[in-house]
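J.: One file: coords_6.cif (mmCIF, C-alpha atoms).
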data_my_file
loop_
_atom_site.group_PDB
_atom_site.id
_atom_site.type_symbol
_atom_site.label_atom_id
_atom_site.label_comp_id
_atom_site.auth_asym_id
_atom_site.auth_seq_id
_atom_site.Cartn_x
_atom_site.Cartn_y
_atom_site.Cartn_z
ATOM 1 C CA MET A 1 19.085 10.831 8.303
ATOM 2 C CA CYS A 2 16.781 12.565 5.824
ATOM 3 C CA ILE A 3 13.109 13.291 6.456
ATOM 4 C CA ARG A 4 11.893 10.502 4.159
ATOM 5 C CA ASP A 5 14.086 7.977 5.976
ATOM 6 C CA ARG A 6 12.612 9.027 9.324
ATOM 7 C CA PHE A 7 9.095 8.574 7.950
ATOM 8 C CA SER A 8 9.994 5.189 6.476
ATOM 9 C CA ASP A 9 11.590 3.981 9.715
ATOM 10 C CA ARG A 10 8.564 5.077 11.776
ATOM 11 C CA VAL A 11 6.164 3.293 9.446
ATOM 12 C CA LYS A 12 8.216 0.093 9.409
ATOM 13 C CA VAL A 13 8.344 0.031 13.213
ATOM 14 C CA ARG A 14 4.605 0.798 13.430
ATOM 15 C CA TYR A 15 3.887 -2.375 11.441
ATOM 16 C CA GLY A 16 6.453 -4.635 13.082
ATOM 17 C CA ASN A 17 9.030 -4.510 10.267
ATOM 18 C CA MET A 18 6.940 -6.820 8.091
ATOM 19 C CA CYS A 19 5.258 -6.424 4.704
ATOM 20 C CA LEU A 20 1.543 -6.032 5.369
ATOM 21 C CA VAL A 21 0.756 -7.973 2.182
ATOM 22 C CA CYS A 22 3.114 -10.963 2.125
ATOM 23 C CA GLY A 23 4.782 -11.005 5.547
ATOM 24 C CA ILE A 24 8.380 -10.633 4.360
ATOM 25 C CA SER A 25 10.502 -9.349 7.231
ATOM 26 C CA GLU A 26 13.930 -8.910 5.607
ATOM 27 C CA THR A 27 14.615 -5.270 6.432
ATOM 28 C CA GLU A 28 16.625 -4.748 3.231
ATOM 29 C CA LEU A 29 13.445 -5.403 1.245
ATOM 30 C CA LEU A 30 11.030 -3.275 3.302
ATOM 31 C CA ILE A 31 9.807 0.223 2.561
ATOM 32 C CA GLY A 32 7.785 2.584 4.689
ATOM 33 C CA ALA A 33 5.582 3.616 1.771
ATOM 34 C CA HIS A 34 3.291 6.609 1.477
ATOM 35 C CA ILE A 35 -0.370 5.887 0.761
ATOM 36 C CA VAL A 36 -1.003 9.377 -0.611
ATOM 37 C CA ARG A 37 2.116 10.298 -2.518
ATOM 38 C CA TRP A 38 4.752 12.626 -1.041
ATOM 39 C CA ALA A 39 4.199 15.164 -3.830
ATOM 40 C CA ASP A 40 0.409 15.161 -3.452
ATOM 41 C CA ASP A 41 0.009 15.967 0.263
ATOM 42 C CA LYS A 42 2.695 18.120 1.838
ATOM 43 C CA SER A 43 0.881 18.382 5.182
ATOM 44 C CA ASN A 44 0.888 14.594 5.718
ATOM 45 C CA ARG A 45 4.331 13.689 4.421
ATOM 46 C CA LEU A 46 5.490 12.622 7.881
ATOM 47 C CA ASN A 47 2.192 11.281 9.217
ATOM 48 C CA PRO A 48 2.656 7.543 9.888
ATOM 49 C CA ALA A 49 -1.098 7.033 9.337
ATOM 50 C CA ASN A 50 -0.311 7.864 5.687
ATOM 51 C CA GLY A 51 2.039 4.899 5.472
ATOM 52 C CA LEU A 52 2.186 1.164 4.920
ATOM 53 C CA CYS A 53 5.091 -1.190 5.482
ATOM 54 C CA LEU A 54 5.500 -3.055 2.199
ATOM 55 C CA CYS A 55 8.206 -5.106 0.534
ATOM 56 C CA SER A 56 9.725 -3.449 -2.520
ATOM 57 C CA LEU A 57 7.572 -5.499 -4.923
ATOM 58 C CA HIS A 58 4.266 -4.727 -3.206
ATOM 59 C CA ASP A 59 5.320 -1.087 -2.751
ATOM 60 C CA ARG A 60 5.692 -0.673 -6.511
ATOM 61 C CA ALA A 61 2.448 -2.530 -7.182
ATOM 62 C CA PHE A 62 0.562 -0.316 -4.700
ATOM 63 C CA GLU A 63 2.203 2.841 -6.047
ATOM 64 C CA HIS A 64 1.105 1.962 -9.588
ATOM 65 C CA GLY A 65 -2.454 1.042 -8.610
ATOM 66 C CA LEU A 66 -2.155 -2.693 -9.219
ATOM 67 C CA PHE A 67 -3.923 -3.104 -5.895
ATOM 68 C CA THR A 68 -5.435 -0.972 -3.181
ATOM 69 C CA LEU A 69 -7.145 -1.623 0.164
ATOM 70 C CA ASP A 70 -10.849 -1.381 0.846
ATOM 71 C CA ARG A 71 -12.449 0.110 3.989
ATOM 72 C CA LYS A 72 -12.052 -3.232 5.789
ATOM 73 C CA LEU A 73 -8.329 -3.373 4.849
ATOM 74 C CA ARG A 74 -8.811 -6.169 2.336
ATOM 75 C CA ILE A 75 -6.641 -6.349 -0.770
ATOM 76 C CA CYS A 76 -8.430 -5.251 -3.953
ATOM 77 C CA VAL A 77 -6.590 -6.198 -7.131
ATOM 78 C CA SER A 78 -6.948 -4.026 -10.208
ATOM 79 C CA ASN A 79 -8.780 -5.426 -13.201
ATOM 80 C CA ASP A 80 -5.693 -4.382 -15.167
ATOM 81 C CA VAL A 81 -3.628 -7.146 -13.538
ATOM 82 C CA SER A 82 -3.500 -10.207 -15.762
ATOM 83 C CA SER A 83 -4.115 -13.492 -14.011
ATOM 84 C CA ASP A 84 -1.918 -15.080 -16.699
ATOM 85 C CA SER A 85 1.331 -13.433 -15.558
ATOM 86 C CA VAL A 86 3.468 -14.888 -12.778
ATOM 87 C CA PHE A 87 2.990 -11.798 -10.605
ATOM 88 C CA GLY A 88 -0.712 -11.543 -11.469
ATOM 89 C CA LYS A 89 -1.359 -15.136 -10.417
ATOM 90 C CA GLN A 90 0.224 -14.433 -7.036
ATOM 91 C CA LEU A 91 -1.554 -11.104 -6.562
ATOM 92 C CA TRP A 92 -4.978 -12.505 -7.474
ATOM 93 C CA LYS A 93 -4.516 -15.181 -4.778
ATOM 94 C CA LEU A 94 -4.512 -12.287 -2.283
ATOM 95 C CA GLN A 95 -7.755 -10.750 -3.564
ATOM 96 C CA GLY A 96 -10.109 -10.079 -0.645
ATOM 97 C CA LYS A 97 -7.591 -11.085 2.017
ATOM 98 C CA LEU A 98 -6.939 -8.832 4.997
ATOM 99 C CA ILE A 99 -3.553 -7.203 5.325
ATOM 100 C CA ARG A 100 -1.322 -8.552 8.109
ATOM 101 C CA LEU A 101 -2.074 -5.802 10.594
ATOM 102 C CA GLY A 102 -1.746 -7.769 13.822
ATOM 103 C CA THR A 103 -2.123 -5.432 16.792
ATOM 104 C CA ALA A 104 -0.799 -2.362 14.947
ATOM 105 C CA GLN A 105 -2.896 0.738 14.445
ATOM 106 C CA PRO A 106 -4.548 0.647 11.026
ATOM 107 C CA PRO A 107 -3.552 3.114 8.338
ATOM 108 C CA GLY A 108 -5.689 6.219 7.997
ATOM 109 C CA GLU A 109 -8.901 5.561 6.076
ATOM 110 C CA ARG A 110 -8.872 9.057 4.571
ATOM 111 C CA PHE A 111 -5.503 8.279 2.956
ATOM 112 C CA LEU A 112 -6.696 4.905 1.697
ATOM 113 C CA ALA A 113 -9.873 6.534 0.341
ATOM 114 C CA GLU A 114 -7.697 8.988 -1.602
ATOM 115 C CA HIS A 115 -5.614 6.107 -2.986
ATOM 116 C CA ARG A 116 -8.767 4.263 -4.098
ATOM 117 C CA LYS A 117 -10.170 7.438 -5.639
ATOM 118 C CA ARG A 118 -6.949 8.185 -7.503
ATOM 119 C CA TRP A 119 -6.775 4.745 -9.058
ATOM 120 C CA SER A 120 -10.499 4.408 -9.765
ATOM 121 C CA ARG A 121 -10.214 7.571 -11.864
ATOM 122 C CA ASN A 122 -7.480 5.821 -13.835
ATOM 123 C CA GLY A 123 -9.582 2.682 -14.329
ATOM 124 C CA ALA A 124 -7.557 0.537 -11.941
ATOM 125 C CA ALA A 125 -7.930 -1.089 -8.522
ATOM 126 C CA LYS A 126 -11.579 -2.036 -8.814
ATOM 127 C CA GLY A 127 -11.037 -5.359 -7.050
ATOM 128 C CA ARG A 128 -12.714 -7.862 -9.337
ATOM 129 C CA ARG A 129 -11.716 -9.714 -12.460
ATOM 130 C CA GLY A 130 -12.911 -8.326 -15.759
#
Would you mind writing the file out in structure tokens?

T.:
Amino acid sequence: MCIRDRFSDRVKVRYGNMCLVCGISETELLIGAHIVRWADDKSNRLNPANGLCLCSLHDRAFEHGLFTLDRKLRICVSNDVSSDSVFGKQLWKLQGKLIRLGTAQPPGERFLAEHRKRWSRNGAAKGRRG
């Protein structure tokens, strides 16, 4: 098992093998995703606090800044997401909703702050419709 797989498995277990955004629990569709990218923070590559359990669709959306999480762990959709698209309609329905954390330890705020900062610099993930 490679290092990334170990990280991913730890993160998935930490969050009950369920997407924190939509609740999907099919393991084939789940990813233990980095909040701060692997390439950007070598010292926290294996830190489970730098991870979220997401389905493959929400992983890609998070990775590309289509949404982020605020300090209270609410979903903040980017203004760049069209509410006219099929995916956009679904994502905007989640705006302001808490992730499905349950009793799990929350992700590290410093990692989430870095994610918000990265995407705010790029003009995304502001969390309100334009």

J.: For the file shown, report as JSON, numbers by chain the outcome of the PyMOL selection byres ((chain A and resi 76) around 10) at residue level.

T.: {"A": [65, 66, 67, 68, 69, 70, 73, 74, 75, 77, 78, 79, 91, 92, 94, 95, 96, 97, 98, 116, 124, 125, 126, 127, 128]}

J.: Between A:Ile3, A:Leu52, A:Glu109, A:Val21, single out the one closest to Gln90 of chain A, counting all atoms listed in the file.

T.: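 Nearest to Gln90 of chain A: A:Val21.
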
J.: Tell me, in Å to one decimal, how far atom CA of Gly108 of chain A is from atom CA of Val36 of chain A.

T.: 10.3 Å

J.: Pick out the closest residue to Leu54 of chain A from this set: A:Ala113, A:Asp84, A:Arg4, A:Asn17. Count all atoms listed in the file.

T.: A:Asn17

J.: Between A:Val81, A:Pro106, A:Arg60, A:Pro48, single out the one closest to Leu20 of chain A, counting only C-alpha atoms.

T.: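 Nearest to Leu20 of chain A: A:Pro106.
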
J.: Name the residues that the PyMOL selection byres ((chain A and resi 103) around 10) picks from the file above, as a list in words, using the file's chain letters and numbers.

T.: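 So the PyMOL selection byres ((chain A and resi 103) around 10) ends up selecting Arg14, Tyr15, Gly16, Arg100, Leu101, Gly102, Ala104, Gln105 and Pro106 of chain A.
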
J.: Point out the residue among A:Asp80, A:Glu28, A:Lys117, A:Lys42 with the least atom-to-atom distance to Ala61 of chain A, counting all atoms listed in the file.

T.: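 Closest to Ala61 of chain A of all the choices is A:Asp80.
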
J.: Which residues match the PyMOL selection byres ((chain A and resi 29-33) around 7) in the file above, as a JSON list (two decimals) with C-alpha atoms, in the coordinates of the input?

T.:
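File written: part.json
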[["chain", "number", "residue", "atom", "x", "y", "z"],
["A", 7, "PHE", "CA", 9.10, 8.57, 7.95],
["A", 8, "SER", "CA", 9.99, 5.19, 6.48],
["A", 9, "ASP", "CA", 11.59, 3.98, 9.72],
["A", 11, "VAL", "CA", 6.16, 3.29, 9.45],
["A", 12, "LYS", "CA", 8.22, 0.09, 9.41],
["A", 19, "CYS", "CA", 5.26, -6.42, 4.70],
["A", 26, "GLU", "CA", 13.93, -8.91, 5.61],
["A", 27, "THR", "CA", 14.62, -5.27, 6.43],
["A", 28, "GLU", "CA", 16.62, -4.75, 3.23],
["A", 34, "HIS", "CA", 3.29, 6.61, 1.48],
["A", 35, "ILE", "CA", -0.37, 5.89, 0.76],
["A", 51, "GLY", "CA", 2.04, 4.90, 5.47],
["A", 52, "LEU", "CA", 2.19, 1.16, 4.92],
["A", 53, "CYS", "CA", 5.09, -1.19, 5.48],
["A", 54, "LEU", "CA", 5.50, -3.06, 2.20],
["A", 55, "CYS", "CA", 8.21, -5.11, 0.53],
["A", 56, "SER", "CA", 9.72, -3.45, -2.52],
["A", 59, "ASP", "CA", 5.32, -1.09, -2.75]]

J.: For each of A:Glu63, A:Gly23, A:Arg71, A:Asp41, take the minimum atom-to-atom distance to Pro107 of chain A, counting all atoms listed in the file, then give the residue where this is smallest.

T.: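 Residue with the minimum atom-to-atom distance to Pro107 of chain A: A:Arg71.
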
J.: Quick one: axis-aligned box around all listed atoms of segment 76-85 of chain A, 5 Å on every side, centre and edge lengths in Å to one decimal, written as AutoDock Vina command-line options.

T.:
--center_x -3.7 --center_y -9.6 --center_z -10.3 --size_x 20.1 --size_y 21.1 --size_z 22.7

J.: Considering only C-alpha atoms, state which residue in the set A:His58, A:His115, A:Lys93, A:Arg110 is at the smallest distance from Met18 of chain A.

T.: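 Answer, going by the shortest atom-to-atom distance: A:His58.
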
J.: To one decimal place in Å, what is the distance between atom CA of Cys22 of chain A and atom CA of Asn44 of chain A?

T.: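 Calculated distance between atom CA of Cys22 of chain A and atom CA of Asn44 of chain A is 25.9 Å.
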
J.: Need a file for segment 42-72 of chain A from that block: N, CA, C and O atoms, written as a CSV table (one decimal), in the first residue's frame.

T.:
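Printed below is selection29.csv as written:
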chain,number,residue,atom,x,y,z
A,42,LYS,N,4.3,19.5,2.3
A,42,LYS,CA,5.0,18.2,2.5
A,42,LYS,C,4.9,17.8,3.9
A,42,LYS,O,4.8,16.6,4.2
A,43,SER,N,4.9,18.7,4.9
A,43,SER,CA,4.9,18.3,6.3
A,43,SER,C,3.6,17.8,6.8
A,43,SER,O,3.5,17.1,7.8
A,44,ASN,N,2.5,18.0,6.0
A,44,ASN,CA,1.2,17.6,6.5
A,44,ASN,C,0.5,16.6,5.5
A,44,ASN,O,-0.7,16.4,5.5
A,45,ARG,N,1.3,16.0,4.6
A,45,ARG,CA,0.8,15.1,3.6
A,45,ARG,C,0.0,13.9,4.3
A,45,ARG,O,-0.9,13.4,3.7
A,46,LEU,N,0.5,13.5,5.4
A,46,LEU,CA,-0.1,12.3,6.1
A,46,LEU,C,-1.0,12.7,7.3
A,46,LEU,O,-1.5,11.8,7.9
A,47,ASN,N,-1.2,13.9,7.5
A,47,ASN,CA,-2.0,14.4,8.7
A,47,ASN,C,-3.5,14.3,8.4
A,47,ASN,O,-4.0,15.0,7.5
A,48,PRO,N,-4.2,13.4,9.1
A,48,PRO,CA,-5.6,13.2,8.8
A,48,PRO,C,-6.4,14.5,9.0
A,48,PRO,O,-7.5,14.6,8.5
A,49,ALA,N,-5.9,15.4,9.8
A,49,ALA,CA,-6.6,16.7,10.0
A,49,ALA,C,-6.6,17.5,8.7
A,49,ALA,O,-7.4,18.5,8.6
A,50,ASN,N,-5.7,17.2,7.8
A,50,ASN,CA,-5.7,17.8,6.5
A,50,ASN,C,-6.5,17.0,5.4
A,50,ASN,O,-6.2,17.0,4.3
A,51,GLY,N,-7.5,16.3,5.9
A,51,GLY,CA,-8.3,15.5,5.0
A,51,GLY,C,-9.8,15.6,5.2
A,51,GLY,O,-10.2,16.0,6.3
A,52,LEU,N,-10.5,15.3,4.1
A,52,LEU,CA,-11.9,15.2,4.1
A,52,LEU,C,-12.3,13.9,3.4
A,52,LEU,O,-11.7,13.6,2.4
A,53,CYS,N,-13.3,13.3,3.8
A,53,CYS,CA,-13.9,12.1,3.1
A,53,CYS,C,-14.9,12.7,2.2
A,53,CYS,O,-16.0,13.2,2.6
A,54,LEU,N,-14.7,12.6,0.9
A,54,LEU,CA,-15.6,13.1,-0.1
A,54,LEU,C,-15.9,12.0,-1.2
A,54,LEU,O,-15.0,11.2,-1.5
A,55,CYS,N,-17.0,12.1,-1.8
A,55,CYS,CA,-17.2,11.3,-3.0
A,55,CYS,C,-16.4,11.9,-4.2
A,55,CYS,O,-15.9,13.0,-4.1
A,56,SER,N,-16.2,11.1,-5.2
A,56,SER,CA,-15.3,11.6,-6.3
A,56,SER,C,-15.8,12.9,-6.9
A,56,SER,O,-15.0,13.7,-7.2
A,57,LEU,N,-17.1,13.1,-7.0
A,57,LEU,CA,-17.7,14.3,-7.6
A,57,LEU,C,-17.4,15.5,-6.7
A,57,LEU,O,-16.8,16.5,-7.1
A,58,HIS,N,-17.6,15.4,-5.4
A,58,HIS,CA,-17.4,16.5,-4.5
A,58,HIS,C,-15.9,16.7,-4.2
A,58,HIS,O,-15.5,17.8,-4.0
A,59,ASP,N,-15.1,15.7,-4.3
A,59,ASP,CA,-13.6,15.8,-4.3
A,59,ASP,C,-13.1,16.7,-5.4
A,59,ASP,O,-12.4,17.7,-5.1
A,60,ARG,N,-13.6,16.5,-6.6
A,60,ARG,CA,-13.1,17.3,-7.7
A,60,ARG,C,-13.6,18.7,-7.6
A,60,ARG,O,-12.9,19.7,-7.9
A,61,ALA,N,-14.9,18.9,-7.1
A,61,ALA,CA,-15.4,20.2,-7.0
A,61,ALA,C,-14.6,21.0,-5.9
A,61,ALA,O,-14.3,22.2,-6.1
A,62,PHE,N,-14.3,20.3,-4.8
A,62,PHE,CA,-13.5,21.0,-3.7
A,62,PHE,C,-12.1,21.3,-4.2
A,62,PHE,O,-11.6,22.4,-4.0
A,63,GLU,N,-11.5,20.4,-4.9
A,63,GLU,CA,-10.1,20.5,-5.4
A,63,GLU,C,-10.1,21.7,-6.4
A,63,GLU,O,-9.0,22.4,-6.4
A,64,HIS,N,-11.1,22.0,-7.1
A,64,HIS,CA,-11.1,23.1,-8.1
A,64,HIS,C,-11.8,24.4,-7.6
A,64,HIS,O,-12.0,25.3,-8.3
A,65,GLY,N,-12.1,24.4,-6.3
A,65,GLY,CA,-12.6,25.6,-5.7
A,65,GLY,C,-14.0,25.9,-6.0
A,65,GLY,O,-14.4,27.1,-5.8
A,66,LEU,N,-14.8,24.9,-6.4
A,66,LEU,CA,-16.2,25.2,-6.6
A,66,LEU,C,-17.0,25.4,-5.3
A,66,LEU,O,-18.0,25.9,-5.3
A,67,PHE,N,-16.4,24.8,-4.2
A,67,PHE,CA,-16.9,25.1,-2.9
A,67,PHE,C,-15.8,25.0,-1.9
A,67,PHE,O,-14.7,24.4,-2.2
A,68,THR,N,-16.0,25.6,-0.8
A,68,THR,CA,-15.0,25.4,0.4
A,68,THR,C,-15.9,25.3,1.6
A,68,THR,O,-17.1,25.2,1.5
A,69,LEU,N,-15.2,25.3,2.8
A,69,LEU,CA,-16.0,25.3,4.1
A,69,LEU,C,-15.6,26.5,4.9
A,69,LEU,O,-14.4,26.8,5.0
A,70,ASP,N,-16.6,27.1,5.5
A,70,ASP,CA,-16.3,28.2,6.4
A,70,ASP,C,-15.8,27.7,7.8
A,70,ASP,O,-15.7,26.5,8.0
A,71,ARG,N,-15.5,28.7,8.7
A,71,ARG,CA,-15.0,28.3,10.0
A,71,ARG,C,-16.0,27.4,10.8
A,71,ARG,O,-15.6,26.7,11.7
A,72,LYS,N,-17.3,27.5,10.5
A,72,LYS,CA,-18.3,26.7,11.2
A,72,LYS,C,-18.6,25.4,10.4
A,72,LYS,O,-19.6,24.7,10.7
